[in-house]
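Visitor: Provided below: protein09.txt, containing compact mmCIF, C-alpha atoms and all ligand atoms.
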# COMPACT_ATOMS: atom_id res chain seq x y z
CA MET S 698 130.05 84.72 116.86
CA LYS S 699 126.94 83.14 118.41
CA LEU S 700 125.24 79.81 117.79
CA GLN S 701 121.44 79.73 117.65
CA ILE S 702 119.35 76.59 117.55
CA ALA S 703 116.09 76.90 115.61
CA ILE S 704 113.58 74.47 117.08
CA ASP S 705 111.06 73.87 114.32
CA LEU S 706 109.32 70.87 115.88
CA THR S 707 105.57 71.23 116.32
CA GLU S 708 105.31 69.22 119.51
CA MET S 709 105.78 71.64 122.40
CA GLY S 710 106.92 69.10 125.00
CA LYS S 711 109.57 67.69 122.69
CA ALA S 712 110.74 71.16 121.67
CA LEU S 713 111.16 72.28 125.29
CA CYS S 714 112.98 69.06 126.14
CA LEU S 715 115.47 69.66 123.28
CA ALA S 716 115.93 73.26 124.37
CA GLU S 717 116.82 72.08 127.87
CA LYS S 718 119.45 69.68 126.47
CA VAL S 719 121.36 72.41 124.61
CA LYS S 720 120.64 75.52 126.67
CA ASP S 721 124.15 75.61 128.15
CA ILE S 722 125.85 75.04 124.79
CA VAL S 723 124.08 77.39 122.38
CA ASP S 724 123.80 81.16 122.81
CA ILE S 725 120.23 81.62 121.58
CA VAL S 726 117.26 79.27 121.50
CA GLU S 727 114.73 79.97 118.78
CA ILE S 728 111.11 78.92 119.10
CA GLY S 729 110.45 78.32 115.41
CA THR S 730 107.58 79.58 113.28
CA PRO S 731 105.86 76.16 112.95
CA LEU S 732 105.59 75.82 116.74
CA ILE S 733 104.40 79.41 117.15
CA ILE S 734 101.73 78.86 114.50
CA LYS S 735 100.57 75.75 116.35
CA GLU S 736 100.88 76.86 119.97
CA GLY S 737 101.05 80.65 119.89
CA MET S 738 103.31 82.19 122.52
CA HIS S 739 102.97 79.30 125.04
CA PRO S 740 106.35 77.72 124.22
CA VAL S 741 108.11 81.09 124.42
CA ARG S 742 106.51 81.79 127.80
CA ALA S 743 107.25 78.28 129.10
CA LEU S 744 110.89 78.33 128.02
CA LYS S 745 111.59 81.79 129.38
CA SER S 746 109.90 81.15 132.71
CA LYS S 747 111.86 77.92 133.18
CA PHE S 748 115.19 79.43 132.07
CA PRO S 749 115.04 83.20 132.63
CA GLU S 750 118.74 83.66 131.75
CA LEU S 751 118.35 82.04 128.33
CA CYS S 752 118.23 84.29 125.26
CA VAL S 753 115.01 83.32 123.49
CA LEU S 754 114.15 84.30 119.92
CA ALA S 755 110.53 84.08 118.80
CA ASP S 756 110.50 83.49 115.05
CA THR S 757 107.24 85.37 114.58
CA LYS S 758 108.07 86.45 110.98
CA ILE S 759 105.72 89.42 111.44
CA MET S 760 104.24 90.74 108.17
CA ASP S 761 101.56 93.13 109.46
CA GLY S 762 100.09 94.29 112.76
CA GLY S 763 103.62 95.00 113.94
CA ALA S 764 102.77 96.50 117.33
CA ILE S 765 100.30 93.90 118.58
CA GLU S 766 102.22 90.84 117.37
CA CYS S 767 105.53 92.14 118.64
CA HIS S 768 103.96 93.13 121.97
CA ASP S 769 102.61 89.59 122.48
CA ALA S 770 106.04 88.04 121.81
CA CYS S 771 107.85 90.49 124.10
CA GLU S 772 105.27 90.04 126.84
CA ALA S 773 105.74 86.26 126.63
CA GLY S 774 109.46 86.77 127.28
CA ALA S 775 111.09 86.78 123.85
CA ASP S 776 114.41 88.62 123.83
CA ILE S 777 114.49 88.85 120.03
CA VAL S 778 111.47 89.06 117.74
CA THR S 779 111.55 88.56 113.97
CA VAL S 780 109.84 90.67 111.30
CA LEU S 781 109.89 89.97 107.57
CA ALA S 782 112.03 92.49 105.70
CA LEU S 783 109.40 92.27 102.93
CA ALA S 784 106.83 93.86 105.27
CA ASP S 785 105.74 97.47 104.87
CA GLN S 786 108.17 100.00 106.33
CA ALA S 787 105.36 101.08 108.68
CA THR S 788 105.17 97.53 110.06
CA ILE S 789 108.93 97.26 110.55
CA THR S 790 108.88 100.62 112.35
CA GLU S 791 106.03 99.48 114.64
CA VAL S 792 107.92 96.30 115.50
CA VAL S 793 111.12 98.20 116.26
CA LYS S 794 109.28 100.77 118.39
CA THR S 795 107.43 98.09 120.37
CA ALA S 796 110.45 95.82 120.90
CA HIS S 797 112.79 98.63 121.90
CA ALA S 798 110.24 100.06 124.34
CA ALA S 799 110.28 96.62 126.02
CA GLY S 800 114.10 96.43 125.93
CA LYS S 801 114.06 93.70 123.27
CA GLN S 802 115.76 93.31 119.87
CA VAL S 803 114.45 92.88 116.33
CA LEU S 804 115.78 90.64 113.58
CA ALA S 805 114.56 91.39 110.05
CA ASP S 806 114.46 88.22 107.95
CA LEU S 807 115.47 88.80 104.31
CA ILE S 808 113.74 85.61 103.10
CA GLY S 809 112.35 86.21 99.60
CA VAL S 810 114.11 89.58 99.15
CA ASP S 811 115.97 90.15 95.84
CA ASP S 812 118.05 93.24 96.53
CA LEU S 813 119.53 92.16 99.83
CA ALA S 814 121.90 95.07 100.43
CA THR S 815 119.34 97.81 99.78
CA LYS S 816 116.69 96.15 101.95
CA ALA S 817 119.17 95.36 104.72
CA GLN S 818 120.35 98.99 104.78
CA LEU S 819 116.75 100.20 104.92
CA CYS S 820 115.96 97.86 107.83
CA LEU S 821 119.01 99.08 109.73
CA THR S 822 117.97 102.69 109.08
CA LEU S 823 114.55 101.84 110.51
CA GLY S 824 116.26 100.68 113.70
CA VAL S 825 116.36 96.91 113.22
CA ASP S 826 119.14 95.32 115.30
CA LEU S 827 119.92 92.18 113.29
CA ILE S 828 119.57 91.15 109.65
CA GLY S 829 118.71 87.55 108.77
CA VAL S 830 120.17 86.09 105.57
CA HIS S 831 117.88 83.13 105.10
CA THR S 832 117.26 80.41 102.54
CA GLY S 833 113.92 78.91 103.54
CA VAL S 834 113.18 75.21 103.83
CA ASP S 835 111.26 75.12 100.53
CA ARG S 836 114.10 76.76 98.62
CA GLN S 837 116.53 74.38 100.32
CA LYS S 838 114.59 71.46 98.78
CA GLN S 839 115.60 72.88 95.38
CA GLY S 840 119.26 72.95 96.40
CA GLY S 841 119.41 76.52 97.73
CA THR S 842 121.83 77.63 100.43
CA PRO S 843 122.42 81.07 101.98
CA LEU S 844 126.19 81.04 101.32
CA LYS S 845 126.22 83.27 98.23
CA ASP S 846 123.81 85.77 99.81
CA LEU S 847 125.90 85.91 102.98
CA THR S 848 129.08 86.44 100.93
CA LEU S 849 127.47 89.36 99.09
CA LEU S 850 125.88 90.98 102.14
CA ALA S 851 128.91 90.61 104.43
CA GLU S 852 130.76 92.97 102.06
CA LYS S 853 128.00 95.60 102.28
CA ILE S 854 127.00 95.76 105.95
CA ASP S 855 128.68 95.04 109.27
CA PRO S 856 128.78 91.20 109.32
CA SER S 857 128.39 91.17 113.10
CA LYS S 858 124.80 92.33 112.54
CA ILE S 859 124.04 89.36 110.27
CA ALA S 860 122.39 86.10 111.31
CA VAL S 861 122.55 83.34 108.70
CA ALA S 862 120.10 80.44 108.37
CA GLY S 863 119.17 77.80 105.85
CA GLY S 864 120.31 74.24 106.22
CA VAL S 865 123.59 75.00 108.00
CA SER S 866 125.12 71.70 109.09
CA LEU S 867 128.31 70.41 110.66
CA GLN S 868 129.57 69.68 107.15
CA THR S 869 129.02 73.25 105.91
CA ILE S 870 129.38 75.44 109.01
CA ASP S 871 133.05 76.29 108.36
CA ASP S 872 132.08 78.02 105.09
CA TYR S 873 129.79 80.33 107.08
CA VAL S 874 132.21 80.86 109.98
CA ARG S 875 134.80 82.19 107.49
CA LEU S 876 132.45 85.07 106.63
CA LYS S 877 132.15 86.07 110.32
CA PRO S 878 128.40 86.62 110.71
CA GLY S 879 127.25 87.60 114.21
CA ILE S 880 124.96 84.59 114.53
CA ILE S 881 124.88 81.18 112.86
CA ILE S 882 121.49 79.49 113.04
CA ALA S 883 121.09 75.73 112.77
CA GLY S 884 117.73 74.00 112.83
CA SER S 885 117.25 70.55 111.32
CA ALA S 886 120.95 69.65 111.58
CA LEU S 887 120.59 69.91 115.35
CA TYR S 888 117.04 68.85 116.19
CA ASN S 889 117.31 65.82 113.88
CA ALA S 890 120.74 64.80 115.19
CA ALA S 891 121.01 61.40 116.90
CA ASP S 892 122.77 63.14 119.81
CA ILE S 893 121.75 66.78 119.89
CA LYS S 894 124.20 67.68 122.67
CA GLN S 895 127.17 66.30 120.78
CA ALA S 896 126.04 67.95 117.56
CA ALA S 897 125.64 71.33 119.29
CA LEU S 898 129.04 70.99 120.98
CA ALA S 899 130.67 70.15 117.64
CA MET S 900 129.09 73.20 115.99
CA LYS S 901 130.06 75.43 118.87
CA GLY S 902 133.62 74.14 118.51
CA CYS S 903 133.65 75.24 114.86
CA LEU S 904 132.77 78.79 115.92
CA ARG S 905 135.83 78.94 118.18
CA LYS S 906 138.38 77.67 115.63
O1 LIG E 1001 113.18 79.88 109.87
C1 LIG E 1001 113.21 78.73 109.51
C2 LIG E 1001 112.27 78.22 108.49
O2 LIG E 1001 111.67 79.31 107.82
C3 LIG E 1001 111.15 77.38 109.10
O3 LIG E 1001 110.37 78.13 109.96
C4 LIG E 1001 114.21 77.77 110.10
O4 LIG E 1001 114.17 77.90 111.48
C5 LIG E 1001 115.60 78.07 109.59
O5 LIG E 1001 115.62 77.87 108.22
C6 LIG E 1001 116.67 77.20 110.24
O6 LIG E 1001 116.38 75.85 110.07
P1 LIG E 1001 117.27 74.90 109.10
O7 LIG E 1001 117.18 75.50 107.73
O8 LIG E 1001 116.64 73.55 109.20
O9 LIG E 1001 118.67 74.93 109.62
Please lay out the structure from this file as structure tokens.
Ligand SMILES: O=C([C@H](O)CO)[C@H](O)[C@H](O)COP(=O)(O)O
Guide:
Amino acid sequence: MKLQIAIDLTEMGKALCLAEKVKDIVDIVEIGTPLIIKEGMHPVRALKSKFPELCVLADTKIMDGGAIECHDACEAGADIVTVLALADQATITEVVKTAHAAGKQVLADLIGVDDLATKAQLCLTLGVDLIGVHTGVDRQKQGGTPLKDLTLLAEKIDPSKIAVAGGVSLQTIDDYVRLKPGIIIAGSALYNAADIKQAALAMKGCLRK
């Protein structure tokens, strides 16, 4: 089971500084959608060129123009690129083709999808490597969590292919660990922590229990 930090800060310098602090603790560093919208692929390129061994995920959430958007992320150094599972099958296929040609992986984010199992199966059939069970930040404000969705989906597809995100914290991480997803993603619980290193170490410890 891997730990991924989602860095959703919009200040590039601060985001890169946080990434440096946890790069030896977490398994994957995600450059979040808000930073990509603000700065494009610069933070991905900067992080990967400074730490070539680091696994970097670009949370591009591609919805259309699969080939060009995926190509830009791969060329900047992303190891994993995200596409929205709600996108057209043609788009998902373009993303998969482009990423795999560059030796990279694709995560399809199920945010906003109703029939999780059917869509996840379809994405896997299209060649997607990882499936993201995700309760977005706006749904979290209404009390949503991804726990129920993860419970349902982990019974239908190989849980090692699932990445779970949506407000995971040190208080709740054990509930997710029990369901054995391949990747647990934590954003705000880490980048807002008073001591991000300690928080990341504590979360990593929960994965090893
Ligand atoms: O993908 C995310 C969200 O859509 C904002 O771009 C977050 O990175 C993801 O939800 C993880 O962050 P937390 O929910 O704060 O743990």
Visitor: Which residues come within 8 Å of S:Val719, counting all atoms listed in the file, excluding same-chain residues fewer than 3 positions away, as number ranges by chain?
Guide: S: 715-716, 722-723, 893-894, 897
Visitor: Which distance in Å separates atom CA of S:Cys903 and atom CA of S:Ala860, to one decimal?
Guide: 16.0 Å
Visitor: Return as a PyMOL selection string the residues of protein, DNA or RNA that approach ligand LIG 1001 (chain E) to within 9 Å, with all atoms listed in the file taken into account.
Guide: chain S and resi 702-705+727-732+756+758+806+808+831-835+837+842+861-866+882-888
Visitor: Is it possible to get the residues within 9 Å of (113.7, 95.8, 107.4) (coordinates as in the file, counting only C-alpha atoms) written as a list in words?
Guide: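 Neighbouring residues, ordered by chain and number, come to Val780, Leu781, Ala782, Leu783, Ala784, Asp785, Gln786, Ile789, Thr790, Leu804, Ala805, Asp806, Leu807, Lys816, Ala817, Gln818, Leu819, Cys820, Leu821, Thr822, Leu823, Gly824, Val825 and Ile828 of chain S.
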Visitor: Report as a PyMOL selection string all protein, DNA and RNA residues lying within 10 Å of S:Asp855, evaluated on only C-alpha atoms, omitting residues in the same chain fewer than 5 positions from it.
Guide: chain S and resi 828+850+877-879
Visitor: How many Å separate atom CA of S:Thr707 from atom CA of S:Lys735?
Guide: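 Rounded to one decimal, the two atoms are 6.7 Å apart.
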Visitor: Which value, in Å to one decimal, gives the distance between atom CA of S:Arg742 and atom CA of S:Leu754?
Guide: 11.3 Å
Visitor: Kindly indicate which residue among S:Pro740, S:Cys771, S:Asp724, S:Lys745 lies nearest to S:Leu706, using only C-alpha atoms for the distances.
Guide: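 Using only C-alpha atoms, the shortest distance to S:Leu706 belongs to S:Pro740.
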Visitor: Identify the residues around (105.8, 93.6, 120.0) within a radius of 9 Å, measuring from only C-alpha atoms in the coordinates stated by the file, and give them as number ranges by chain.
Guide: S: 763-772, 778, 791-799, 801
Visitor: For those residues, write C-alpha atoms to a file as a compact mmCIF listing (two decimals), in the frame of the given file.
Guide:
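Produced file part20.txt, reproduced below:
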# COMPACT_ATOMS: atom_id res chain seq x y z
CA GLY S 763 103.62 95.00 113.94
CA ALA S 764 102.77 96.50 117.33
CA ILE S 765 100.30 93.90 118.58
CA GLU S 766 102.22 90.84 117.37
CA CYS S 767 105.53 92.14 118.64
CA HIS S 768 103.96 93.13 121.97
CA ASP S 769 102.61 89.59 122.48
CA ALA S 770 106.04 88.04 121.81
CA CYS S 771 107.85 90.49 124.10
CA GLU S 772 105.27 90.04 126.84
CA VAL S 778 111.47 89.06 117.74
CA GLU S 791 106.03 99.48 114.64
CA VAL S 792 107.92 96.30 115.50
CA VAL S 793 111.12 98.20 116.26
CA LYS S 794 109.28 100.77 118.39
CA THR S 795 107.43 98.09 120.37
CA ALA S 796 110.45 95.82 120.90
CA HIS S 797 112.79 98.63 121.90
CA ALA S 798 110.24 100.06 124.34
CA ALA S 799 110.28 96.62 126.02
CA LYS S 801 114.06 93.70 123.27
Visitor: Could you give me, as number ranges by chain, the residues within 10 Å of S:Lys747, counting only C-alpha atoms and dropping anything in the same chain fewer than 4 positions from it?
Guide: S: 713, 717, 742-743, 751
Visitor: Taking all atoms listed in the file into account, which of S:Asp871, S:Ile734, S:Ile777, S:Gly762 comes nearest S:Arg905?
Guide: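 Closest to S:Arg905, using all atoms listed in the file: S:Asp871.
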Visitor: For S:Pro856, which residue out of S:Ile880, S:Val810, S:Ala712, S:Ile870 is the nearest one, using only C-alpha atoms?
Guide: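 Closest residue, counting only C-alpha atoms: S:Ile880.
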Visitor: For S:Asp776, which residue among S:Met760, S:Leu813, S:Val741, S:Ala891 is the nearest when counting all atoms listed in the file?
Guide: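 Ranking S:Met760, S:Leu813, S:Val741, S:Ala891 by distance to S:Asp776, first place goes to S:Val741.
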Visitor: I'd like to know which of S:Glu852, S:Ile759, S:Ala775, S:Lys845 is closest to S:Ser746, using all atoms listed in the file.
Guide: S:Ala775
